[in-house]
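Note: the block below is query_3.cif and it holds mmCIF, C-alpha atoms.
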```
data_run
#
loop_
_atom_site.group_PDB
_atom_site.id
_atom_site.type_symbol
_atom_site.label_atom_id
_atom_site.label_comp_id
_atom_site.auth_asym_id
_atom_site.auth_seq_id
_atom_site.Cartn_x
_atom_site.Cartn_y
_atom_site.Cartn_z
ATOM 1 C CA MET S 64 178.841 189.837 54.216
ATOM 2 C CA SER S 65 176.068 187.902 52.815
ATOM 3 C CA ALA S 66 178.346 184.867 52.672
ATOM 4 C CA ASN S 67 178.939 185.219 56.387
ATOM 5 C CA ILE S 68 175.252 185.420 56.958
ATOM 6 C CA HIS S 69 174.664 182.257 54.934
ATOM 7 C CA MET S 70 177.479 180.492 56.720
ATOM 8 C CA GLY S 71 175.940 181.432 60.061
ATOM 9 C CA LYS S 72 172.555 179.982 59.042
ATOM 10 C CA LEU S 73 174.148 176.875 57.711
ATOM 11 C CA GLU S 74 175.953 176.265 60.965
ATOM 12 C CA GLU S 75 172.727 176.821 62.812
ATOM 13 C CA LEU S 76 170.966 174.256 60.634
ATOM 14 C CA LEU S 77 173.775 171.777 61.122
ATOM 15 C CA ASP S 78 173.593 172.232 64.886
ATOM 16 C CA ARG S 79 169.859 171.596 64.773
ATOM 17 C CA VAL S 80 170.376 168.422 62.780
ATOM 18 C CA LYS S 81 173.012 167.232 65.239
ATOM 19 C CA ARG S 82 170.750 167.904 68.184
ATOM 20 C CA ASN S 83 167.914 166.019 66.564
ATOM 21 C CA ARG S 84 170.144 163.054 65.826
ATOM 22 C CA LEU S 85 171.444 163.076 69.376
ATOM 23 C CA LYS S 86 167.963 163.273 70.689
ATOM 24 C CA LEU S 87 166.878 160.340 68.586
ATOM 25 C CA ALA S 88 169.934 158.366 69.680
ATOM 26 C CA ASN S 89 169.141 159.049 73.324
ATOM 27 C CA GLU S 90 165.615 157.934 72.847
ATOM 28 C CA ARG S 91 166.820 154.642 71.376
ATOM 29 C CA ILE S 92 169.118 154.083 74.340
ATOM 30 C CA LEU S 93 166.349 154.742 76.851
ATOM 31 C CA ARG S 94 163.816 152.568 75.030
ATOM 32 C CA PRO S 95 165.606 149.577 73.544
ATOM 33 C CA GLU S 96 163.783 147.377 71.159
ATOM 34 C CA PRO S 97 162.539 144.109 72.703
ATOM 35 C CA LYS S 98 164.789 141.164 72.182
ATOM 36 C CA ALA S 99 163.537 137.631 72.311
ATOM 37 C CA PRO S 100 165.384 135.040 74.369
ATOM 38 C CA GLU S 101 167.721 132.991 72.363
ATOM 39 C CA GLY S 102 165.947 130.416 70.274
ATOM 40 C CA LEU S 103 162.541 131.921 70.729
ATOM 41 C CA PRO S 104 160.825 133.963 68.108
ATOM 42 C CA ILE S 105 159.843 137.434 68.875
ATOM 43 C CA PRO S 106 156.201 137.430 69.768
ATOM 44 C CA SER S 107 154.267 139.270 67.210
ATOM 45 C CA GLU S 108 151.481 140.048 69.668
ATOM 46 C CA PRO S 109 151.773 141.353 73.181
ATOM 47 C CA PRO S 110 151.641 138.629 75.830
ATOM 48 C CA PRO S 111 148.220 138.122 77.313
ATOM 49 C CA ALA S 112 147.448 139.863 80.515
ATOM 50 C CA ILE S 113 148.150 137.917 83.673
ATOM 51 C CA GLU S 114 144.481 137.870 84.465
ATOM 52 C CA GLU S 115 143.790 136.148 81.221
ATOM 53 C CA GLU S 116 146.490 133.554 81.882
ATOM 54 C CA LEU S 117 145.054 132.727 85.324
ATOM 55 C CA ALA S 118 141.529 132.606 84.126
ATOM 56 C CA PRO S 119 140.293 129.013 83.787
ATOM 57 C CA PRO S 120 139.541 127.796 80.325
ATOM 58 C CA PRO S 121 136.023 128.494 79.330
ATOM 59 C CA VAL S 122 133.748 125.594 80.187
ATOM 60 C CA GLU S 123 130.656 125.058 78.233
ATOM 61 C CA ALA S 124 127.866 125.807 80.622
ATOM 62 C CA ALA S 125 125.657 122.826 81.434
ATOM 63 C CA PRO S 126 122.043 123.351 80.611
ATOM 64 C CA ILE S 127 120.022 124.368 83.610
ATOM 65 C CA THR S 128 117.601 121.631 84.479
ATOM 66 C CA GLU S 129 115.060 121.281 87.202
ATOM 67 C CA PRO S 130 116.274 119.062 90.064
ATOM 68 C CA VAL S 131 114.889 115.602 89.692
ATOM 69 C CA MET S 132 112.806 114.857 92.755
ATOM 70 C CA PRO S 133 111.560 111.336 93.379
ATOM 71 C CA GLU S 134 107.901 110.959 92.791
ATOM 72 C CA PRO S 135 106.076 110.599 96.103
ATOM 73 C CA VAL S 136 104.787 107.092 96.484
ATOM 74 C CA MET S 137 101.132 107.355 97.186
ATOM 75 C CA PRO S 138 98.382 104.788 96.828
ATOM 76 C CA GLU S 139 96.368 105.410 93.771
ATOM 77 C CA PRO S 140 93.186 107.100 94.814
ATOM 78 C CA VAL S 141 90.211 105.141 93.623
ATOM 79 C CA ASP S 142 87.655 107.840 94.129
ATOM 80 C CA GLU S 143 88.287 107.378 97.843
ATOM 81 C CA GLU S 144 86.660 104.002 97.823
ATOM 82 C CA VAL S 145 87.450 100.426 97.089
ATOM 83 C CA ARG S 146 85.575 98.951 94.186
ATOM 84 C CA THR S 147 86.078 95.291 94.610
ATOM 85 C CA PHE S 148 83.655 94.278 91.919
ATOM 86 C CA GLU S 149 84.615 95.147 88.404
ATOM 87 C CA SER S 150 81.341 95.254 86.586
ATOM 88 C CA THR S 151 79.053 96.116 89.422
ATOM 89 C CA PRO S 152 79.744 96.706 93.090
ATOM 90 C CA VAL S 153 76.901 94.421 94.034
ATOM 91 C CA ALA S 154 77.651 91.050 95.529
ATOM 92 C CA SER S 155 75.356 88.118 95.288
ATOM 93 C CA GLY S 156 75.548 85.358 97.827
ATOM 94 C CA PRO S 157 74.187 81.978 96.850
ATOM 95 C CA VAL S 158 71.691 80.176 98.993
ATOM 96 C CA ALA S 159 71.971 76.430 98.755
ATOM 97 C CA GLN S 160 68.935 74.411 99.747
ATOM 98 C CA MET S 161 70.449 71.121 100.777
ATOM 99 C CA ASP S 162 67.281 69.068 101.246
ATOM 100 C CA GLY S 163 64.956 70.191 98.500
ATOM 101 C CA HIS S 164 62.819 72.705 100.398
ATOM 102 C CA PRO S 165 62.061 75.831 98.388
ATOM 103 C CA THR S 166 63.735 78.521 100.470
ATOM 104 C CA ARG S 167 62.644 81.302 98.144
ATOM 105 C CA LYS S 168 59.156 81.113 99.607
ATOM 106 C CA TRP S 169 60.514 81.691 103.096
ATOM 107 C CA THR S 170 61.150 85.072 104.534
ATOM 108 C CA LEU S 171 64.413 85.688 106.330
ATOM 109 C CA LYS S 172 62.469 86.082 109.560
ATOM 110 C CA ALA S 173 60.857 82.656 109.135
ATOM 111 C CA VAL S 174 64.221 81.022 108.366
ATOM 112 C CA LEU S 175 65.826 82.558 111.429
ATOM 113 C CA ASN S 176 62.915 81.570 113.673
ATOM 114 C CA ARG S 177 63.115 77.966 112.532
ATOM 115 C CA ALA S 178 66.897 77.951 112.958
ATOM 116 C CA TRP S 179 66.592 79.494 116.414
ATOM 117 C CA ASN S 180 64.054 76.912 117.590
ATOM 118 C CA LEU S 181 66.001 73.949 116.235
ATOM 119 C CA GLY S 182 66.638 71.471 119.029
ATOM 120 C CA GLY S 183 64.495 73.399 121.502
ATOM 121 C CA ARG S 184 65.603 76.341 123.614
ATOM 122 C CA SER S 185 65.182 75.073 127.165
ATOM 123 C CA MET Q 296 63.167 98.982 97.609
ATOM 124 C CA THR Q 297 62.575 95.264 97.414
ATOM 125 C CA GLN Q 298 66.133 93.999 97.094
ATOM 126 C CA SER Q 299 68.988 94.246 99.528
ATOM 127 C CA ALA Q 300 72.084 93.203 97.620
ATOM 128 C CA PHE Q 301 75.380 94.208 99.115
ATOM 129 C CA ASP Q 302 76.774 97.413 97.655
ATOM 130 C CA ALA Q 303 80.509 97.944 98.137
ATOM 131 C CA THR Q 304 80.421 101.527 96.915
ATOM 132 C CA GLY Q 305 82.094 103.713 99.482
ATOM 133 C CA PHE Q 306 82.672 100.801 101.824
ATOM 134 C CA LEU Q 307 86.228 101.912 102.509
ATOM 135 C CA ARG Q 308 87.524 105.450 102.664
ATOM 136 C CA PHE Q 309 91.260 106.046 102.459
ATOM 137 C CA ASP Q 310 92.181 109.110 104.493
ATOM 138 C CA LEU Q 311 95.699 109.646 103.201
ATOM 139 C CA ALA Q 312 96.216 112.869 105.134
ATOM 140 C CA ASN Q 313 95.625 111.163 108.465
ATOM 141 C CA GLY Q 314 96.877 107.761 107.413
ATOM 142 C CA SER Q 315 93.730 105.864 108.192
ATOM 143 C CA ILE Q 316 91.190 103.619 106.521
ATOM 144 C CA ILE Q 317 87.614 104.058 107.642
ATOM 145 C CA SER Q 318 84.785 101.670 106.875
ATOM 146 C CA ARG Q 319 81.270 102.766 106.041
ATOM 147 C CA GLU Q 320 80.304 101.834 109.596
ATOM 148 C CA GLY Q 321 82.997 104.115 111.015
ATOM 149 C CA GLU Q 322 85.453 101.401 111.974
ATOM 150 C CA GLN Q 323 89.149 102.131 111.657
ATOM 151 C CA LEU Q 324 90.715 99.336 109.649
ATOM 152 C CA ALA Q 325 94.177 98.293 108.546
ATOM 153 C CA LEU Q 326 95.327 96.453 105.470
ATOM 154 C CA ILE Q 327 97.726 93.803 106.646
ATOM 155 C CA PRO Q 328 98.936 90.531 105.174
ATOM 156 C CA ILE Q 329 96.530 87.739 105.939
ATOM 157 C CA ASP Q 330 99.429 85.751 107.378
ATOM 158 C CA LEU Q 331 99.382 88.173 110.293
ATOM 159 C CA LEU Q 332 95.690 87.509 110.805
ATOM 160 C CA ASP Q 333 96.494 83.823 111.070
ATOM 161 C CA ALA Q 334 98.584 84.650 114.132
ATOM 162 C CA LEU Q 335 95.508 85.964 115.966
ATOM 163 C CA GLU Q 336 95.130 84.369 119.396
ATOM 164 C CA PRO Q 337 91.926 82.311 119.547
ATOM 165 C CA GLY Q 338 91.105 83.468 123.066
ATOM 166 C CA GLU Q 339 88.125 85.090 124.756
ATOM 167 C CA GLN Q 340 89.342 88.594 123.999
ATOM 168 C CA THR Q 341 89.424 87.827 120.274
ATOM 169 C CA ARG Q 342 85.957 86.306 120.484
ATOM 170 C CA GLN Q 343 84.455 89.274 122.306
ATOM 171 C CA ARG Q 344 85.950 91.814 119.922
ATOM 172 C CA SER Q 345 84.824 89.733 116.972
ATOM 173 C CA VAL Q 346 81.271 89.639 118.331
ATOM 174 C CA ALA Q 347 81.332 93.442 118.611
ATOM 175 C CA PHE Q 348 82.693 93.595 115.064
ATOM 176 C CA GLY Q 349 79.777 91.459 113.846
ATOM 177 C CA LYS Q 350 77.207 93.452 115.807
ATOM 178 C CA THR Q 351 78.298 96.625 114.069
ATOM 179 C CA HIS Q 352 77.632 95.129 110.660
ATOM 180 C CA GLY Q 353 74.548 93.181 111.772
ATOM 181 C CA LYS Q 354 73.006 96.423 112.964
ATOM 182 C CA HIS Q 355 73.647 98.014 109.601
ATOM 183 C CA PHE Q 356 72.081 95.047 107.805
ATOM 184 C CA ALA Q 357 69.054 95.186 110.121
ATOM 185 C CA GLU Q 358 68.600 98.864 109.197
ATOM 186 C CA ILE Q 359 68.741 97.995 105.515
ATOM 187 C CA ILE Q 360 66.111 95.272 105.660
ATOM 188 C CA ALA Q 361 63.925 97.412 107.905
ATOM 189 C CA GLY Q 362 63.683 99.888 105.019
ATOM 190 C CA LEU Q 363 62.521 97.312 102.496
ATOM 191 C CA THR Q 364 58.961 97.446 101.251
ATOM 192 C CA GLU Q 365 58.646 93.657 101.218
ATOM 193 C CA PRO Q 366 59.914 91.149 103.775
ATOM 194 C CA PRO Q 367 63.324 90.009 102.545
ATOM 195 C CA GLY Q 368 64.126 86.405 101.781
ATOM 196 C CA VAL Q 369 67.171 84.558 103.053
ATOM 197 C CA GLU Q 370 68.900 85.684 99.853
ATOM 198 C CA ALA Q 371 69.255 89.150 101.360
ATOM 199 C CA LEU Q 372 71.294 87.708 104.209
ATOM 200 C CA ALA Q 373 73.352 85.613 101.815
ATOM 201 C CA ASP Q 374 74.061 88.608 99.586
ATOM 202 C CA HIS Q 375 75.113 90.860 102.430
ATOM 203 C CA LEU Q 376 77.369 88.335 104.110
ATOM 204 C CA ALA Q 377 78.966 87.440 100.785
ATOM 205 C CA GLY Q 378 79.751 91.107 100.235
ATOM 206 C CA LEU Q 379 81.181 91.564 103.719
ATOM 207 C CA THR Q 380 83.440 88.531 103.632
ATOM 208 C CA ALA Q 381 84.591 89.591 100.163
ATOM 209 C CA VAL Q 382 85.509 93.173 101.059
ATOM 210 C CA PHE Q 383 87.267 91.970 104.193
ATOM 211 C CA GLY Q 384 89.253 89.533 102.070
ATOM 212 C CA LEU Q 385 88.143 86.586 104.174
ATOM 213 C CA GLY Q 386 86.648 84.517 101.380
ATOM 214 C CA ARG Q 387 83.461 83.764 99.486
ATOM 215 C CA SER Q 388 80.497 82.916 101.644
ATOM 216 C CA ALA Q 389 77.193 81.201 100.942
ATOM 217 C CA VAL Q 390 74.183 80.276 103.018
ATOM 218 C CA GLU Q 391 73.115 76.661 103.238
ATOM 219 C CA ILE Q 392 69.801 75.483 104.594
ATOM 220 C CA ARG Q 393 69.621 71.928 105.924
ATOM 221 C CA GLY Q 394 66.187 71.185 107.324
ATOM 222 C CA ASN Q 395 65.624 73.974 109.798
ATOM 223 C CA ALA Q 396 69.326 74.569 110.293
ATOM 224 C CA ILE Q 397 71.048 77.569 108.774
ATOM 225 C CA LEU Q 398 74.713 77.244 107.945
ATOM 226 C CA PHE Q 399 77.346 79.471 106.394
ATOM 227 C CA ARG Q 400 79.949 78.083 104.054
ATOM 228 C CA LEU Q 401 83.147 80.063 103.606
ATOM 229 C CA THR Q 402 85.453 79.275 100.705
ATOM 230 C CA SER Q 403 88.785 80.988 101.101
ATOM 231 C CA GLY Q 404 91.158 78.549 99.443
ATOM 232 C CA ARG Q 405 93.281 78.463 102.536
ATOM 233 C CA GLU Q 406 93.315 76.640 105.827
ATOM 234 C CA LEU Q 407 91.825 78.840 108.505
ATOM 235 C CA SER Q 408 93.878 79.251 111.647
ATOM 236 C CA ALA Q 409 92.281 78.839 115.068
ATOM 237 C CA GLY Q 410 92.424 82.607 115.518
ATOM 238 C CA VAL Q 411 90.597 83.267 112.251
ATOM 239 C CA VAL Q 412 87.966 80.657 113.113
ATOM 240 C CA THR Q 413 87.409 82.476 116.411
ATOM 241 C CA LEU Q 414 87.135 85.740 114.526
ATOM 242 C CA LEU Q 415 84.575 84.320 112.093
ATOM 243 C CA THR Q 416 82.441 82.557 114.705
ATOM 244 C CA GLY Q 417 82.396 85.707 116.817
ATOM 245 C CA PHE Q 418 81.617 87.914 113.842
ATOM 246 C CA LEU Q 419 78.732 85.705 112.666
ATOM 247 C CA ALA Q 420 77.312 85.435 116.194
ATOM 248 C CA GLY Q 421 77.341 89.195 116.627
ATOM 249 C CA PHE Q 422 75.932 89.762 113.162
ATOM 250 C CA MET Q 423 73.042 87.286 113.595
ATOM 251 C CA SER Q 424 72.113 88.564 117.051
ATOM 252 C CA GLU Q 425 71.448 92.029 115.630
ATOM 253 C CA ILE Q 426 69.036 90.816 112.943
ATOM 254 C CA GLU Q 427 66.491 89.359 115.326
ATOM 255 C CA PRO Q 428 66.709 91.174 118.666
ATOM 256 C CA GLU Q 429 65.189 88.312 120.665
ATOM 257 C CA THR Q 430 67.803 85.825 119.464
ATOM 258 C CA THR Q 431 71.361 85.347 120.603
ATOM 259 C CA PHE Q 432 72.704 82.921 118.060
ATOM 260 C CA GLU Q 433 75.905 81.096 118.750
ATOM 261 C CA ILE Q 434 78.092 79.816 115.964
ATOM 262 C CA LEU Q 435 79.837 76.461 115.768
ATOM 263 C CA HIS Q 436 82.611 75.663 113.314
ATOM 264 C CA MET Q 437 81.247 72.349 112.078
ATOM 265 C CA GLN Q 438 83.611 70.945 109.523
ATOM 266 C CA VAL Q 439 86.160 71.543 106.823
ATOM 267 C CA ASP Q 440 85.899 69.861 103.451
ATOM 268 C CA ASP Q 441 86.865 70.448 99.853
ATOM 269 C CA ASP Q 442 84.255 73.202 99.551
ATOM 270 C CA GLY Q 443 85.534 75.208 102.488
ATOM 271 C CA ASP Q 444 84.585 75.752 106.103
ATOM 272 C CA LEU Q 445 81.056 75.244 107.406
ATOM 273 C CA PHE Q 446 79.620 77.259 110.302
ATOM 274 C CA TRP Q 447 76.260 76.529 111.921
ATOM 275 C CA ALA Q 448 74.104 79.070 113.755
ATOM 276 C CA GLY Q 449 71.974 77.739 116.591
ATOM 277 C CA ASN Q 450 70.641 78.598 120.025
ATOM 278 C CA PRO Q 451 73.023 78.016 122.964
ATOM 279 C CA LYS Q 452 71.308 74.834 124.148
ATOM 280 C CA ALA Q 453 71.389 73.258 120.705
ATOM 281 C CA ILE Q 454 75.015 74.255 120.224
ATOM 282 C CA LYS Q 455 75.973 72.554 123.478
ATOM 283 C CA GLN Q 456 74.080 69.388 122.527
ATOM 284 C CA VAL Q 457 75.789 69.154 119.145
ATOM 285 C CA LYS Q 458 79.197 69.790 120.711
ATOM 286 C CA ASP Q 459 78.590 66.844 123.026
ATOM 287 C CA TRP Q 460 77.612 64.593 120.133
ATOM 288 C CA LEU Q 461 80.655 65.662 118.157
ATOM 289 C CA ALA Q 462 82.839 64.863 121.163
ATOM 290 C CA ASP Q 463 81.246 61.397 121.209
ATOM 291 C CA GLY Q 464 82.259 60.853 117.604
ATOM 292 C CA VAL Q 465 79.029 61.756 115.824
ATOM 293 C CA LYS Q 466 79.622 63.308 112.421
ATOM 294 C CA PRO Q 467 78.600 66.961 112.066
ATOM 295 C CA MET Q 468 75.727 66.514 109.609
ATOM 296 C CA GLU Q 469 74.424 63.513 111.517
ATOM 297 C CA ALA Q 470 74.428 65.646 114.651
ATOM 298 C CA LEU Q 471 72.221 68.236 112.958
ATOM 299 C CA TRP Q 472 69.864 65.463 111.796
ATOM 300 C CA LEU Q 473 69.670 64.099 115.335
ATOM 301 C CA LEU Q 474 68.905 67.570 116.583
ATOM 302 C CA SER Q 475 66.038 68.001 114.171
ATOM 303 C CA GLU Q 476 64.662 64.560 115.077
ATOM 304 C CA GLU Q 477 64.729 65.428 118.786
ATOM 305 C CA GLY Q 478 62.596 68.474 118.138
ATOM 306 C CA ARG Q 479 59.866 66.522 116.391
#
```
Translate the structure described by the file into structure tokens.
Amino acid sequence: MSANIHMGKLEELLDRVKRNRLKLANERILRPEPKAPEGLPIPSEPPPAIEEELAPPPVEAAPITEPVMPEPVMPEPVDEEVRTFESTPVASGPVAQMDGHPTRKWTLKAVLNRAWNLGGRS
Amino acid sequence: MTQSAFDATGFLRFDLANGSIISREGEQLALIPIDLLDALEPGEQTRQRSVAFGKTHGKHFAEIIAGLTEPPGVEALADHLAGLTAVFGLGRSAVEIRGNAILFRLTSGRELSAGVVTLLTGFLAGFMSEIEPETTFEILHMQVDDDGDLFWAGNPKAIKQVKDWLADGVKPMEALWLLSEEGR
């Protein structure tokens, strides 16, 4: 009796092993191992995602610089005035006495009166 | 104040916002190549505007000498005119006295065109007429020599007489001598 019992368990175990093997075989059929095309090695890493392939190669970003604007051409302000004379803005006009008379003793009014009356007025 | 030397401080004001140049006397000016000034027409319109130009500056000079504590000498006139001709870029001016005649010598290093001569004679006439209110000086361009251009200021009758002598071939300085001899 006991031998029958043992034989029954043994058969049950064998059936379980068979089913497991069959199951494993089925799984292999449904999920075959990847095969590389002839002549090509099997990639060790998964292919990159499509997005990565389409993405442009990284470009080193140019440094951000301020736009170069041309300097406005403006006359140099000279304190809003023209200083013609370098050392002093005071001009000195020479007076040439052509006939030896000392003009420095004459006032401007006297000089102009004499000049005005030269040759008579009427 | 006993002196009246020309002071160029603030003579020109550059109004960059409005694009204008204003003189101390309120004139609106323009900086242009002097070659363009040479193209000035020597007509009556140029003369009249030049006289007005001179009057403006003669009036200012008259105000300056009116504020002096002592009667100015002829040096004051020479100084002021030298400053004006310098800031206008027209040349270096000096006053010459020959007998009773007063003359202005302008040294510019260039040959003055007829238009510029008209400008200068008009300017000097207007300027001189504002110094002494009872005078109306006229200006005659007398001669050009190595030292520049010589302008003489005289009354209208004397100017006409000298012009006639010059037309007859009398030399400019001889004409002034003749004029002084006639008045003796």
Item to check | Selection near Q:Lys458, 12 Å with all atoms listed in the file, sequence-local residues under 2 positions removed, as an MDAnalysis selection string | outcome: chainID Q and resid 433:437 447 449 451:456 460:467 470:471 474
Checklist outcome for this item: Correct to one decimal, the distance atom CA of Q:Ala448-atom CA of Q:Ala420 is 7.5 Å
Item to check | Answer key for the PyMOL selection byres ((chain Q and resi 445) around 8), residues as a PyMOL selection string | outcome: chain Q and resi 398-401+436-439+443-444+446-447
Item to check | atom CA of Q:Ile316 to atom CA of Q:Ser345, straight-line distance in Å | outcome: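 Calculated distance between atom CA of Q:Ser345 and atom CA of Q:Ile316 is 18.5 Å.
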For the interface of chain Q with chain S (cut-off 8 Å, counting all atoms listed in the file), please tabulate each contacting residue of chain Q alongside its nearest pair of atoms and their separation in Å to one decimal, rows sorted by chain and increasing number, as JSON lines.
```
{"residue": "Q:Ala300", "atom": "CA", "partner": "S:Val153", "partner_atom": "CA", "distance": 6.1}
{"residue": "Q:Phe301", "atom": "CA", "partner": "S:Ala154", "partner_atom": "CA", "distance": 5.3}
{"residue": "Q:Asp302", "atom": "CA", "partner": "S:Val153", "partner_atom": "CA", "distance": 4.7}
{"residue": "Q:Ala303", "atom": "CA", "partner": "S:Pro152", "partner_atom": "CA", "distance": 5.3}
{"residue": "Q:Thr304", "atom": "CA", "partner": "S:Pro152", "partner_atom": "CA", "distance": 6.2}
{"residue": "Q:Gly305", "atom": "CA", "partner": "S:Glu144", "partner_atom": "CA", "distance": 4.9}
{"residue": "Q:Phe306", "atom": "CA", "partner": "S:Glu144", "partner_atom": "CA", "distance": 6.5}
{"residue": "Q:Leu307", "atom": "CA", "partner": "S:Glu144", "partner_atom": "CA", "distance": 5.1}
{"residue": "Q:Arg308", "atom": "CA", "partner": "S:Glu144", "partner_atom": "CA", "distance": 5.1}
{"residue": "Q:Phe309", "atom": "CA", "partner": "S:Glu143", "partner_atom": "CA", "distance": 5.6}
{"residue": "Q:Asp310", "atom": "CA", "partner": "S:Glu143", "partner_atom": "CA", "distance": 7.9}
{"residue": "Q:Pro366", "atom": "CA", "partner": "S:Thr170", "partner_atom": "CA", "distance": 6.2}
{"residue": "Q:Pro367", "atom": "CA", "partner": "S:Thr170", "partner_atom": "CA", "distance": 5.7}
{"residue": "Q:Gly368", "atom": "CA", "partner": "S:Thr170", "partner_atom": "CA", "distance": 4.3}
{"residue": "Q:Val369", "atom": "CA", "partner": "S:Leu171", "partner_atom": "CA", "distance": 4.4}
{"residue": "Q:Glu370", "atom": "CA", "partner": "S:Val158", "partner_atom": "CA", "distance": 6.2}
{"residue": "Q:Ala371", "atom": "CA", "partner": "S:Leu171", "partner_atom": "CA", "distance": 7.8}
{"residue": "Q:Leu372", "atom": "CA", "partner": "S:Leu171", "partner_atom": "CA", "distance": 7.5}
{"residue": "Q:Ala373", "atom": "CA", "partner": "S:Gly156", "partner_atom": "CA", "distance": 4.6}
{"residue": "Q:Asp374", "atom": "CA", "partner": "S:Gly156", "partner_atom": "CA", "distance": 4.0}
{"residue": "Q:His375", "atom": "CA", "partner": "S:Gly156", "partner_atom": "CA", "distance": 7.2}
{"residue": "Q:Leu376", "atom": "CA", "partner": "S:Gly156", "partner_atom": "CA", "distance": 7.2}
{"residue": "Q:Ala377", "atom": "CA", "partner": "S:Gly156", "partner_atom": "CA", "distance": 5.0}
{"residue": "Q:Gly378", "atom": "CA", "partner": "S:Ala154", "partner_atom": "CA", "distance": 5.2}
{"residue": "Q:Val382", "atom": "CA", "partner": "S:Thr147", "partner_atom": "CA", "distance": 6.8}
{"residue": "Q:Ser388", "atom": "CA", "partner": "S:Gly156", "partner_atom": "CA", "distance": 6.7}
{"residue": "Q:Ala389", "atom": "CA", "partner": "S:Pro157", "partner_atom": "CA", "distance": 5.1}
{"residue": "Q:Val390", "atom": "CA", "partner": "S:Val158", "partner_atom": "CA", "distance": 4.7}
{"residue": "Q:Glu391", "atom": "CA", "partner": "S:Ala159", "partner_atom": "CA", "distance": 4.6}
{"residue": "Q:Ile392", "atom": "CA", "partner": "S:Gln160", "partner_atom": "CA", "distance": 5.0}
{"residue": "Q:Arg393", "atom": "CA", "partner": "S:Met161", "partner_atom": "CA", "distance": 5.3}
{"residue": "Q:Gly394", "atom": "CA", "partner": "S:Asp162", "partner_atom": "CA", "distance": 6.5}
{"residue": "Q:Asn395", "atom": "CA", "partner": "S:Ala178", "partner_atom": "CA", "distance": 5.2}
{"residue": "Q:Ala396", "atom": "CA", "partner": "S:Ala178", "partner_atom": "CA", "distance": 4.9}
{"residue": "Q:Ile397", "atom": "CA", "partner": "S:Ala178", "partner_atom": "CA", "distance": 5.9}
{"residue": "Q:Glu427", "atom": "CA", "partner": "S:Lys172", "partner_atom": "CA", "distance": 7.8}
{"residue": "Q:Thr430", "atom": "CA", "partner": "S:Trp179", "partner_atom": "CA", "distance": 7.1}
{"residue": "Q:Phe432", "atom": "CA", "partner": "S:Trp179", "partner_atom": "CA", "distance": 7.2}
{"residue": "Q:Ala448", "atom": "CA", "partner": "S:Ala178", "partner_atom": "CA", "distance": 7.3}
{"residue": "Q:Gly449", "atom": "CA", "partner": "S:Trp179", "partner_atom": "CA", "distance": 5.7}
{"residue": "Q:Asn450", "atom": "CA", "partner": "S:Trp179", "partner_atom": "CA", "distance": 5.5}
{"residue": "Q:Pro451", "atom": "CA", "partner": "S:Arg184", "partner_atom": "CA", "distance": 7.6}
{"residue": "Q:Lys452", "atom": "CA", "partner": "S:Arg184", "partner_atom": "CA", "distance": 5.9}
{"residue": "Q:Ala453", "atom": "CA", "partner": "S:Gly182", "partner_atom": "CA", "distance": 5.3}
{"residue": "Q:Leu474", "atom": "CA", "partner": "S:Gly182", "partner_atom": "CA", "distance": 5.1}
{"residue": "Q:Ser475", "atom": "CA", "partner": "S:Gly182", "partner_atom": "CA", "distance": 6.0}
{"residue": "Q:Glu477", "atom": "CA", "partner": "S:Gly182", "partner_atom": "CA", "distance": 6.3}
{"residue": "Q:Gly478", "atom": "CA", "partner": "S:Gly182", "partner_atom": "CA", "distance": 5.1}
```
Next on the checklist: One decimal, in Å: what's the spacing between atom CA of Q:Phe422 and atom CA of Q:Leu473?
Outcome noted: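 Interatomic distance here is 26.5 Å.
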Checklist entry - Written as JSON, numbers by chain, what is the full residue list that the PyMOL selection byres ((chain Q and resi 356) around 10) yields on the file shown? => result {"Q": [299, 301, 350, 351, 352, 353, 354, 355, 357, 358, 359, 360, 361, 371, 372, 375, 376, 422, 423, 425, 426]}
